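Trainee: Before anything else, here's the structure in question.
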Amino acid sequence: GGRFEKMKRIKALLLLVSTASLLLSANAFLPSLPSHLLNAPTRSYTSALSLHRCASPRLRSPSLSLSMSTTPKEESEKLNARHEKGRLAHLEEQLLADLKSAADKFENPVFTTALIAGDDVILHAIHKAGLLDKIKILFIDTYHLFPETLEFMDHVEKHYGFKALRYAPKDCASPEEFEEKYGDDLFLEDVEEYDRLAKVEPLLRGLKENKTKLWINGRRRDHGFERAALMVYEDEKMNPLAYWTFEDCWKYIRAENVPYHPLHDDGYPSLGDMHSTLRVDKDKWFQYAMERAGRFQNMQNADGTAKTECGIHTVPKDDE
């Protein structure tokens, strides 16, 4: 009888040790249990919660700490606003540094502007960096621009206190003279010749006459696949907004109160010639490549493909 009682005590002790070992294992394992097990409505649910509370702080699942006075949505909005502010500050810092490098390292840098949103950002930054006396502003009047574009050019000249270098088609003193010499449908009949006369020749003449060694422009990677691999520096061409997005440009415009083209408010994300520029649904503006979706409407290249470039950025190297 004594031997039998002794065996019972040994079994009870072994059971107690096994139970303690299981509890210790569960204590380390519980924080990584799947949520559906932790939330199961069984008797083990109470035990699981009890064990989880006893777990080491190092092993407990992290919890989201929110102020009692804010909702998750409000907290997210605050954090996103902080990220946005930091991103814009970084983008501006890089932009100003690049413009200063351009003025210091290259002879007679020239910025060509079409007065669209990205160009407005660059112009504002040139002014903010105090470089309007070192970086010349070149504006090409194709004689087919919106009247509002010419009016806005006058406005920004007064706002920032500079005079743009204005170039137009050679040997044509007015839109009427251009139409008399080349007809009013040249952009449809021979788009390459139209680009050469109205855009490329005035640009090359402006760069040559000002002896520039760096042409600054507003091209960006998000303009479309033709520009998707743009770098900031391309030999004698500079794209300071290469890594910006269209949304970045508008957030910067709002934050800095940058003057912008009035036709943006009329539904035009980008502005070019009147005859080939359409409005775009504002809900689509910030989608990839949609800034320029309203440009070059009803126009084709000589090979029959849809036109996506205005001509000045596709000039053969030998012609630059």
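Every chain in the structure tokens takes a letter, A first, then B, and so on in the order presented; its residues are numbered from 1, and the ligands are numbered from 1 following the presented order.
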List every residue of range 137-297 of chain A that DSSP, applied to the backbone of this structure, places in helix (DSSP H, G or I), and write the result as an NGL selection string.
Mentor: :A and (147-160 or 175-182 or 186-189 or 191-209 or 221-223 or 225-227 or 246-256 or 262-266 or 274-276 or 282-284 or 290-292)
Trainee: Just to be explicit: take each residue in the selection above, keep C-alpha atoms, and write the result as an mmCIF file, in the first residue's frame.
Mentor:
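Final file, out11.cif:
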```cif
data_model
loop_
_atom_site.group_PDB
_atom_site.id
_atom_site.type_symbol
_atom_site.label_atom_id
_atom_site.label_comp_id
_atom_site.auth_asym_id
_atom_site.auth_seq_id
_atom_site.Cartn_x
_atom_site.Cartn_y
_atom_site.Cartn_z
ATOM 1 C CA PRO A 147 -3.999 85.159 -75.107
ATOM 2 C CA GLU A 148 -4.016 84.384 -71.381
ATOM 3 C CA THR A 149 -0.497 82.958 -71.703
ATOM 4 C CA LEU A 150 0.887 86.237 -73.008
ATOM 5 C CA GLU A 151 -0.982 88.154 -70.302
ATOM 6 C CA PHE A 152 0.389 85.849 -67.618
ATOM 7 C CA MET A 153 3.919 86.364 -68.943
ATOM 8 C CA ASP A 154 3.467 90.092 -68.382
ATOM 9 C CA HIS A 155 2.135 89.370 -64.896
ATOM 10 C CA VAL A 156 5.049 87.212 -63.704
ATOM 11 C CA GLU A 157 7.582 89.689 -65.117
ATOM 12 C CA LYS A 158 6.088 92.356 -62.867
ATOM 13 C CA HIS A 159 5.621 89.992 -59.927
ATOM 14 C CA TYR A 160 9.234 88.792 -59.856
ATOM 15 C CA PRO A 175 0.671 86.078 -86.025
ATOM 16 C CA GLU A 176 -0.961 87.586 -89.077
ATOM 17 C CA GLU A 177 2.336 87.686 -90.952
ATOM 18 C CA PHE A 178 3.076 84.071 -90.016
ATOM 19 C CA GLU A 179 -0.334 82.976 -91.311
ATOM 20 C CA GLU A 180 0.127 84.982 -94.514
ATOM 21 C CA LYS A 181 3.487 83.315 -95.203
ATOM 22 C CA TYR A 182 2.695 79.744 -94.157
ATOM 23 C CA LEU A 186 0.512 74.336 -91.367
ATOM 24 C CA PHE A 187 0.361 72.472 -88.040
ATOM 25 C CA LEU A 188 -2.000 69.967 -89.703
ATOM 26 C CA GLU A 189 -0.403 69.826 -93.128
ATOM 27 C CA VAL A 191 3.617 69.306 -88.230
ATOM 28 C CA GLU A 192 7.406 68.918 -88.371
ATOM 29 C CA GLU A 193 7.763 72.079 -90.436
ATOM 30 C CA TYR A 194 5.401 73.902 -88.098
ATOM 31 C CA ASP A 195 7.471 72.821 -85.086
ATOM 32 C CA ARG A 196 10.671 73.888 -86.813
ATOM 33 C CA LEU A 197 9.385 77.352 -87.685
ATOM 34 C CA ALA A 198 7.364 78.148 -84.556
ATOM 35 C CA LYS A 199 9.373 76.414 -81.816
ATOM 36 C CA VAL A 200 12.701 74.824 -82.709
ATOM 37 C CA GLU A 201 14.278 77.653 -84.704
ATOM 38 C CA PRO A 202 13.341 80.359 -82.143
ATOM 39 C CA LEU A 203 14.669 78.165 -79.320
ATOM 40 C CA LEU A 204 18.004 77.393 -80.989
ATOM 41 C CA ARG A 205 18.392 81.025 -81.953
ATOM 42 C CA GLY A 206 17.763 82.088 -78.360
ATOM 43 C CA LEU A 207 20.241 79.596 -76.900
ATOM 44 C CA LYS A 208 22.891 80.538 -79.467
ATOM 45 C CA GLU A 209 22.488 84.301 -79.132
ATOM 46 C CA ARG A 221 9.658 61.587 -65.337
ATOM 47 C CA ASP A 222 5.915 61.401 -64.696
ATOM 48 C CA HIS A 223 5.153 63.177 -67.986
ATOM 49 C CA PHE A 225 7.178 56.856 -70.878
ATOM 50 C CA GLU A 226 9.260 59.010 -73.273
ATOM 51 C CA ARG A 227 10.585 60.874 -70.214
ATOM 52 C CA PHE A 246 2.596 66.830 -60.976
ATOM 53 C CA GLU A 247 0.970 66.588 -57.556
ATOM 54 C CA ASP A 248 4.230 67.746 -55.945
ATOM 55 C CA CYS A 249 4.185 70.814 -58.179
ATOM 56 C CA TRP A 250 0.672 71.756 -57.127
ATOM 57 C CA LYS A 251 1.309 71.156 -53.439
ATOM 58 C CA TYR A 252 4.347 73.414 -53.698
ATOM 59 C CA ILE A 253 2.361 76.064 -55.575
ATOM 60 C CA ARG A 254 -0.258 76.082 -52.825
ATOM 61 C CA ALA A 255 2.265 76.050 -49.987
ATOM 62 C CA GLU A 256 4.387 78.852 -51.454
ATOM 63 C CA PRO A 262 -5.191 81.259 -64.920
ATOM 64 C CA LEU A 263 -6.290 78.615 -67.426
ATOM 65 C CA HIS A 264 -5.351 75.873 -64.969
ATOM 66 C CA ASP A 265 -8.463 76.908 -63.078
ATOM 67 C CA ASP A 266 -10.438 76.497 -66.304
ATOM 68 C CA MET A 274 -4.636 76.918 -78.753
ATOM 69 C CA HIS A 275 -5.287 74.707 -81.771
ATOM 70 C CA SER A 276 -4.064 71.508 -80.078
ATOM 71 C CA LYS A 282 -9.474 67.295 -62.970
ATOM 72 C CA ASP A 283 -10.021 63.941 -61.275
ATOM 73 C CA LYS A 284 -7.451 62.509 -63.708
ATOM 74 C CA MET A 290 -2.284 62.700 -67.595
ATOM 75 C CA GLU A 291 -0.918 66.221 -67.212
ATOM 76 C CA ARG A 292 -0.175 66.245 -70.940
#
```
Trainee: Each residue of range 108-138 of chain A lying at most 12 Å from range 98-101 of chain A should get a row with its shortest atom-to-atom pair and the distance in Å to one decimal, counting only C-alpha atoms; could you produce that, ordered by chain and increasing number, as JSON lines?
Mentor:
```
{"residue": "A:Pro109", "atom": "CA", "partner": "A:Leu99", "partner_atom": "CA", "distance": 9.5}
{"residue": "A:Val110", "atom": "CA", "partner": "A:Leu99", "partner_atom": "CA", "distance": 10.9}
{"residue": "A:Phe111", "atom": "CA", "partner": "A:Leu99", "partner_atom": "CA", "distance": 10.2}
{"residue": "A:Ile122", "atom": "CA", "partner": "A:Leu99", "partner_atom": "CA", "distance": 8.9}
{"residue": "A:Leu123", "atom": "CA", "partner": "A:Leu99", "partner_atom": "CA", "distance": 10.5}
{"residue": "A:His124", "atom": "CA", "partner": "A:Leu99", "partner_atom": "CA", "distance": 11.4}
{"residue": "A:Ala125", "atom": "CA", "partner": "A:Leu99", "partner_atom": "CA", "distance": 8.1}
{"residue": "A:Ile126", "atom": "CA", "partner": "A:Leu99", "partner_atom": "CA", "distance": 6.9}
{"residue": "A:His127", "atom": "CA", "partner": "A:Leu99", "partner_atom": "CA", "distance": 10.4}
{"residue": "A:Lys128", "atom": "CA", "partner": "A:Leu99", "partner_atom": "CA", "distance": 10.5}
{"residue": "A:Ala129", "atom": "CA", "partner": "A:Lys100", "partner_atom": "CA", "distance": 7.4}
{"residue": "A:Gly130", "atom": "CA", "partner": "A:Lys100", "partner_atom": "CA", "distance": 9.1}
{"residue": "A:Leu131", "atom": "CA", "partner": "A:Lys100", "partner_atom": "CA", "distance": 7.5}
{"residue": "A:Leu132", "atom": "CA", "partner": "A:Leu99", "partner_atom": "CA", "distance": 10.6}
{"residue": "A:Asp133", "atom": "CA", "partner": "A:Lys100", "partner_atom": "CA", "distance": 11.9}
{"residue": "A:Lys134", "atom": "CA", "partner": "A:Lys100", "partner_atom": "CA", "distance": 9.4}
{"residue": "A:Ile135", "atom": "CA", "partner": "A:Leu99", "partner_atom": "CA", "distance": 8.6}
{"residue": "A:Lys136", "atom": "CA", "partner": "A:Leu99", "partner_atom": "CA", "distance": 11.9}
```
Trainee: Can those selected residues be exported to a file as a PDB file, in the first residue's frame so that it contains N, CA and C atoms?
Mentor:
```pdb
ATOM      1  N   PRO A 109      23.490  80.122 -68.089  1.00  0.00           N
ATOM      2  CA  PRO A 109      22.340  79.213 -68.077  1.00  0.00           C
ATOM      3  C   PRO A 109      21.055  79.939 -68.456  1.00  0.00           C
ATOM      4  N   VAL A 110      20.204  79.227 -69.174  1.00  0.00           N
ATOM      5  CA  VAL A 110      18.935  79.787 -69.640  1.00  0.00           C
ATOM      6  C   VAL A 110      17.799  78.841 -69.254  1.00  0.00           C
ATOM      7  N   PHE A 111      16.724  79.390 -68.719  1.00  0.00           N
ATOM      8  CA  PHE A 111      15.528  78.618 -68.400  1.00  0.00           C
ATOM      9  C   PHE A 111      14.432  78.976 -69.388  1.00  0.00           C
ATOM     10  N   ILE A 122       9.695  76.337 -61.022  1.00  0.00           N
ATOM     11  CA  ILE A 122      11.109  76.638 -61.281  1.00  0.00           C
ATOM     12  C   ILE A 122      11.352  78.142 -61.256  1.00  0.00           C
ATOM     13  N   LEU A 123      10.473  78.905 -61.885  1.00  0.00           N
ATOM     14  CA  LEU A 123      10.632  80.353 -61.911  1.00  0.00           C
ATOM     15  C   LEU A 123      10.612  80.917 -60.491  1.00  0.00           C
ATOM     16  N   HIS A 124       9.690  80.423 -59.682  1.00  0.00           N
ATOM     17  CA  HIS A 124       9.609  80.868 -58.293  1.00  0.00           C
ATOM     18  C   HIS A 124      10.904  80.537 -57.548  1.00  0.00           C
ATOM     19  N   ALA A 125      11.438  79.340 -57.796  1.00  0.00           N
ATOM     20  CA  ALA A 125      12.666  78.918 -57.114  1.00  0.00           C
ATOM     21  C   ALA A 125      13.868  79.741 -57.556  1.00  0.00           C
ATOM     22  N   ILE A 126      13.932  80.076 -58.834  1.00  0.00           N
ATOM     23  CA  ILE A 126      15.029  80.921 -59.320  1.00  0.00           C
ATOM     24  C   ILE A 126      14.998  82.267 -58.604  1.00  0.00           C
ATOM     25  N   HIS A 127      13.800  82.816 -58.477  1.00  0.00           N
ATOM     26  CA  HIS A 127      13.639  84.089 -57.756  1.00  0.00           C
ATOM     27  C   HIS A 127      13.999  83.925 -56.286  1.00  0.00           C
ATOM     28  N   LYS A 128      13.521  82.870 -55.663  1.00  0.00           N
ATOM     29  CA  LYS A 128      13.759  82.641 -54.235  1.00  0.00           C
ATOM     30  C   LYS A 128      15.249  82.461 -53.947  1.00  0.00           C
ATOM     31  N   ALA A 129      15.971  81.852 -54.896  1.00  0.00           N
ATOM     32  CA  ALA A 129      17.403  81.637 -54.724  1.00  0.00           C
ATOM     33  C   ALA A 129      18.223  82.885 -55.065  1.00  0.00           C
ATOM     34  N   GLY A 130      17.558  83.945 -55.535  1.00  0.00           N
ATOM     35  CA  GLY A 130      18.258  85.176 -55.900  1.00  0.00           C
ATOM     36  C   GLY A 130      19.100  85.028 -57.146  1.00  0.00           C
ATOM     37  N   LEU A 131      18.599  84.255 -58.121  1.00  0.00           N
ATOM     38  CA  LEU A 131      19.396  83.927 -59.309  1.00  0.00           C
ATOM     39  C   LEU A 131      18.857  84.524 -60.611  1.00  0.00           C
ATOM     40  N   LEU A 132      17.890  85.426 -60.512  1.00  0.00           N
ATOM     41  CA  LEU A 132      17.324  85.990 -61.740  1.00  0.00           C
ATOM     42  C   LEU A 132      18.338  86.825 -62.525  1.00  0.00           C
ATOM     43  N   ASP A 133      19.406  87.246 -61.864  1.00  0.00           N
ATOM     44  CA  ASP A 133      20.446  87.981 -62.573  1.00  0.00           C
ATOM     45  C   ASP A 133      21.494  87.050 -63.180  1.00  0.00           C
ATOM     46  N   LYS A 134      21.415  85.763 -62.847  1.00  0.00           N
ATOM     47  CA  LYS A 134      22.385  84.794 -63.350  1.00  0.00           C
ATOM     48  C   LYS A 134      21.777  83.759 -64.293  1.00  0.00           C
ATOM     49  N   ILE A 135      20.489  83.513 -64.141  1.00  0.00           N
ATOM     50  CA  ILE A 135      19.783  82.571 -65.024  1.00  0.00           C
ATOM     51  C   ILE A 135      18.764  83.356 -65.830  1.00  0.00           C
ATOM     52  N   LYS A 136      18.938  83.399 -67.136  1.00  0.00           N
ATOM     53  CA  LYS A 136      18.036  84.154 -67.997  1.00  0.00           C
ATOM     54  C   LYS A 136      16.762  83.351 -68.260  1.00  0.00           C
TER      55      LYS A 136
END
```
Trainee: With only C-alpha atoms as the basis for distance, which of A:His261, A:Lys237, A:Lys213, A:Arg279 is at the shortest distance from Phe106 in chain A?
Mentor: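 Of all the options, A:Lys213 lies closest to Phe106 in chain A.
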Trainee: Between A:Ala117, A:Leu278, A:Leu91, A:Ala168, which one has atoms that come closest to Pro259 in chain A, using only C-alpha atoms?
Mentor: A:Ala117
Trainee: When you draw a straight line from CA of Pro240 in chain A to CA of Leu95 in chain A, how long is it in Å?
Mentor: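 Separation between CA of Pro240 in chain A and CA of Leu95 in chain A: 6.1 Å.
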Trainee: Can you tell me which residues surround Arg295 in chain A at a distance of at most 8 Å, considering only C-alpha atoms, apart from same-chain residues fewer than 5 positions away, and format the answer as an MDAnalysis selection string?
Mentor: chainID A and resid 270:272 276:278 308
Trainee: The selected residues should be written to file as a short mmCIF file (atom, residue, chain, number, x, y, z; two decimals), in the first residue's frame (atoms: C-alpha atoms).
Mentor:
```cif
data_model
loop_
_atom_site.label_atom_id
_atom_site.label_comp_id
_atom_site.auth_asym_id
_atom_site.auth_seq_id
_atom_site.Cartn_x
_atom_site.Cartn_y
_atom_site.Cartn_z
CA SER A 270 -1.01 71.86 -69.38
CA LEU A 271 -0.91 74.75 -71.84
CA GLY A 272 0.48 74.89 -75.36
CA SER A 276 -4.06 71.51 -80.08
CA THR A 277 -4.77 71.88 -76.34
CA LEU A 278 -7.89 70.59 -74.57
CA THR A 308 3.47 63.53 -77.79
#
```
